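Asks: Sending over a structure as structure tokens; questions will come in a sec.
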Amino acid sequence: MIAALAPLIAFGSMLFYVEIIHWELFPTSLLNVAGAYANPCRANRKQIEMAKTQWAADENKTVGDMPTDTDLFGADRYFRVKPSCPGGGTYTVGRVGEPTRCSLKQHVDQP
Ligand SMILES: [Zn+2]
């Protein structure tokens with residue numbers, strides 16, 4: 001009886017082992033998925049930057065002034081809708097002269 005179960009036990013422990021490997025890889029693969037969207041995210045933030053620069057020029061704003069989302073995004077604004085991070089991050093537009101930031105740490109531009 002025990003002998004008959006041995007292959008099952010071996011198979012079961014193999015599955016268990018695979019499962020452990022899987023869990024170890026899980027956070028890394030999650031980071032890589034977010035990192036894969038870093039370039040389109042950067043492109044979105046560049047567009048927001050352009051809208052912010054244009055807003056500053058149109059409204060006679062200077063460094064340190066902060067636009068609201070309704071200043072930049074809307075039917076009669078620079079973008080109809082606010083670009084969103086393809087990796088699920090949240091954008092902080094920030095003040096004129098400051099970079100637009102993404103909440104995902106993988107998307108923070110390296111200096
Ligand atoms: Zn992002």
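Naming works like this for the structure tokens: A, B, ... for the chains as they're shown, residue 1 at the start of each chain, ligands 1 onward in shown order.
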If the limit is 12 Å from any atom of ligand 1, counting only C-alpha atoms and all ligand atoms, which residues qualify? Return them as a PDB file with N, CA and C atoms, in the first residue's frame.

Replies:
ATOM      1  N   VAL A  33       6.620  43.248 -14.913  1.00  0.00           N
ATOM      2  CA  VAL A  33       5.434  43.673 -15.658  1.00  0.00           C
ATOM      3  C   VAL A  33       5.279  45.175 -15.542  1.00  0.00           C
ATOM      4  N   ALA A  34       5.420  45.704 -14.344  1.00  0.00           N
ATOM      5  CA  ALA A  34       5.299  47.152 -14.147  1.00  0.00           C
ATOM      6  C   ALA A  34       6.435  47.869 -14.871  1.00  0.00           C
ATOM      7  N   GLY A  35       7.641  47.297 -14.806  1.00  0.00           N
ATOM      8  CA  GLY A  35       8.780  47.909 -15.457  1.00  0.00           C
ATOM      9  C   GLY A  35       8.653  47.935 -16.965  1.00  0.00           C
ATOM     10  N   ALA A  36       7.928  46.947 -17.507  1.00  0.00           N
ATOM     11  CA  ALA A  36       7.753  46.877 -18.955  1.00  0.00           C
ATOM     12  C   ALA A  36       6.978  48.078 -19.479  1.00  0.00           C
ATOM     13  N   TYR A  37       6.204  48.721 -18.633  1.00  0.00           N
ATOM     14  CA  TYR A  37       5.412  49.878 -19.055  1.00  0.00           C
ATOM     15  C   TYR A  37       6.139  51.193 -18.792  1.00  0.00           C
ATOM     16  N   ALA A  38       7.394  51.124 -18.418  1.00  0.00           N
ATOM     17  CA  ALA A  38       8.116  52.339 -18.056  1.00  0.00           C
ATOM     18  C   ALA A  38       8.212  53.314 -19.221  1.00  0.00           C
ATOM     19  N   ASN A  39       8.445  52.804 -20.437  1.00  0.00           N
ATOM     20  CA  ASN A  39       8.602  53.698 -21.586  1.00  0.00           C
ATOM     21  C   ASN A  39       7.304  54.402 -21.991  1.00  0.00           C
ATOM     22  N   PRO A  40       6.195  53.665 -22.186  1.00  0.00           N
ATOM     23  CA  PRO A  40       4.942  54.383 -22.471  1.00  0.00           C
ATOM     24  C   PRO A  40       4.549  55.327 -21.343  1.00  0.00           C
ATOM     25  N   CYS A  41       4.866  54.956 -20.110  1.00  0.00           N
ATOM     26  CA  CYS A  41       4.570  55.832 -18.971  1.00  0.00           C
ATOM     27  C   CYS A  41       5.377  57.124 -19.104  1.00  0.00           C
ATOM     28  N   ARG A  42       6.653  57.001 -19.451  1.00  0.00           N
ATOM     29  CA  ARG A  42       7.502  58.179 -19.620  1.00  0.00           C
ATOM     30  C   ARG A  42       6.958  59.075 -20.741  1.00  0.00           C
ATOM     31  N   ALA A  43       6.489  58.441 -21.825  1.00  0.00           N
ATOM     32  CA  ALA A  43       5.916  59.197 -22.945  1.00  0.00           C
ATOM     33  C   ALA A  43       4.666  59.961 -22.494  1.00  0.00           C
ATOM     34  N   ASN A  44       3.833  59.317 -21.686  1.00  0.00           N
ATOM     35  CA  ASN A  44       2.643  59.996 -21.147  1.00  0.00           C
ATOM     36  C   ASN A  44       3.039  61.198 -20.308  1.00  0.00           C
ATOM     37  N   ARG A  45       4.036  61.009 -19.466  1.00  0.00           N
ATOM     38  CA  ARG A  45       4.461  62.097 -18.565  1.00  0.00           C
ATOM     39  C   ARG A  45       5.064  63.242 -19.361  1.00  0.00           C
ATOM     40  N   LYS A  46       5.732  62.925 -20.471  1.00  0.00           N
ATOM     41  CA  LYS A  46       6.253  63.983 -21.349  1.00  0.00           C
ATOM     42  C   LYS A  46       5.102  64.798 -21.932  1.00  0.00           C
ATOM     43  N   PRO A  83      -3.884  61.514 -19.390  1.00  0.00           N
ATOM     44  CA  PRO A  83      -3.234  60.228 -19.696  1.00  0.00           C
ATOM     45  C   PRO A  83      -3.052  59.421 -18.412  1.00  0.00           C
ATOM     46  N   SER A  84      -3.213  58.107 -18.533  1.00  0.00           N
ATOM     47  CA  SER A  84      -3.030  57.278 -17.350  1.00  0.00           C
ATOM     48  C   SER A  84      -1.875  56.308 -17.559  1.00  0.00           C
ATOM     49  N   CYS A  85      -1.215  55.985 -16.483  1.00  0.00           N
ATOM     50  CA  CYS A  85      -0.067  55.082 -16.538  1.00  0.00           C
ATOM     51  C   CYS A  85      -0.516  53.697 -16.994  1.00  0.00           C
ATOM     52  N   PRO A  86       0.104  53.141 -18.047  1.00  0.00           N
ATOM     53  CA  PRO A  86      -0.292  51.807 -18.519  1.00  0.00           C
ATOM     54  C   PRO A  86       0.017  50.708 -17.506  1.00  0.00           C
ATOM     55  N   GLY A  87       0.891  51.009 -16.535  1.00  0.00           N
ATOM     56  CA  GLY A  87       1.212  50.022 -15.510  1.00  0.00           C
ATOM     57  C   GLY A  87       0.344  50.151 -14.274  1.00  0.00           C
ATOM     58  N   GLY A  88      -0.596  51.096 -14.281  1.00  0.00           N
ATOM     59  CA  GLY A  88      -1.525  51.242 -13.160  1.00  0.00           C
ATOM     60  C   GLY A  88      -1.097  52.268 -12.127  1.00  0.00           C
ATOM     61  N   GLY A  89      -0.029  53.024 -12.403  1.00  0.00           N
ATOM     62  CA  GLY A  89       0.416  54.059 -11.469  1.00  0.00           C
ATOM     63  C   GLY A  89      -0.483  55.287 -11.543  1.00  0.00           C
ATOM     64  N   THR A  90      -0.263  56.200 -10.595  1.00  0.00           N
ATOM     65  CA  THR A  90      -1.016  57.452 -10.554  1.00  0.00           C
ATOM     66  C   THR A  90      -0.054  58.600 -10.807  1.00  0.00           C
ATOM     67  N   TYR A  91      -0.471  59.557 -11.651  1.00  0.00           N
ATOM     68  CA  TYR A  91       0.395  60.679 -11.960  1.00  0.00           C
ATOM     69  C   TYR A  91       0.160  61.845 -11.008  1.00  0.00           C
ATOM     70  N   THR A  92       1.260  62.446 -10.596  1.00  0.00           N
ATOM     71  CA  THR A  92       1.217  63.707  -9.874  1.00  0.00           C
ATOM     72  C   THR A  92       1.789  64.748 -10.820  1.00  0.00           C
ATOM     73  N   THR A 100       6.600  65.703 -13.873  1.00  0.00           N
ATOM     74  CA  THR A 100       5.399  64.932 -13.561  1.00  0.00           C
ATOM     75  C   THR A 100       5.847  63.558 -13.106  1.00  0.00           C
ATOM     76  N   ARG A 101       5.298  63.116 -11.983  1.00  0.00           N
ATOM     77  CA  ARG A 101       5.760  61.855 -11.412  1.00  0.00           C
ATOM     78  C   ARG A 101       4.697  60.772 -11.498  1.00  0.00           C
ATOM     79  N   CYS A 102       5.201  59.524 -11.589  1.00  0.00           N
ATOM     80  CA  CYS A 102       4.332  58.351 -11.532  1.00  0.00           C
ATOM     81  C   CYS A 102       4.511  57.717 -10.161  1.00  0.00           C
ATOM     82  N   SER A 103       3.414  57.187  -9.615  1.00  0.00           N
ATOM     83  CA  SER A 103       3.488  56.603  -8.272  1.00  0.00           C
ATOM     84  C   SER A 103       4.245  55.272  -8.252  1.00  0.00           C
ATOM     85  N   LEU A 104       4.426  54.638  -9.423  1.00  0.00           N
ATOM     86  CA  LEU A 104       5.178  53.381  -9.447  1.00  0.00           C
ATOM     87  C   LEU A 104       6.668  53.673  -9.369  1.00  0.00           C
ATOM     88  N   LYS A 105       7.341  53.053  -8.407  1.00  0.00           N
ATOM     89  CA  LYS A 105       8.748  53.388  -8.226  1.00  0.00           C
ATOM     90  C   LYS A 105       9.607  52.893  -9.392  1.00  0.00           C
ATOM     91  N   GLN A 106       9.096  51.880 -10.149  1.00  0.00           N
ATOM     92  CA  GLN A 106       9.832  51.415 -11.330  1.00  0.00           C
ATOM     93  C   GLN A 106       9.778  52.440 -12.456  1.00  0.00           C
ATOM     94  N   HIS A 107       8.860  53.404 -12.351  1.00  0.00           N
ATOM     95  CA  HIS A 107       8.688  54.375 -13.428  1.00  0.00           C
ATOM     96  C   HIS A 107       9.327  55.723 -13.110  1.00  0.00           C
ATOM     97  N   VAL A 108       9.986  55.806 -11.962  1.00  0.00           N
ATOM     98  CA  VAL A 108      10.669  57.042 -11.624  1.00  0.00           C
ATOM     99  C   VAL A 108      11.921  57.134 -12.486  1.00  0.00           C
ATOM    100  N   ASP A 109      12.033  58.215 -13.230  1.00  0.00           N
ATOM    101  CA  ASP A 109      13.196  58.375 -14.111  1.00  0.00           C
ATOM    102  C   ASP A 109      14.474  58.469 -13.291  1.00  0.00           C
TER     103      ASP A 109
END

Asks: Please, what distance in Å, to one decimal, runs between CA of Ala75 in chain A and CA of Ala57 in chain A?

Replies: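 So the two atoms, CA of Ala75 in chain A and CA of Ala57 in chain A, lie 19.3 Å apart.
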
Asks: Would you mind telling me which residue in A:Pro7, A:Gly74, A:Gly12, A:Pro99 lies nearest to Thr53 in chain A when using only C-alpha atoms?

Replies: A:Pro99

Asks: With only C-alpha atoms as the atoms that count, which of A:Ile9, A:Val96, A:Ile48, A:Ala4 lies nearest to Phe79 in chain A?

Replies: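 Of all the options, A:Ile48 lies closest to Phe79 in chain A.
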
Asks: Between CA of Ala51 in chain A and CA of Val93 in chain A, what is the distance in Å, rounded to a tenth?

Replies: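 A separation of 10.0 Å between them.
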
Asks: I'd like the neighbourhood of Arg95 in chain A as a VMD selection string, where a residue qualifies if any of its atoms comes within 8 Å (using only C-alpha atoms), though same-chain residues fewer than 6 positions away should be ignored.

Replies: chain A and resid 63 to 67
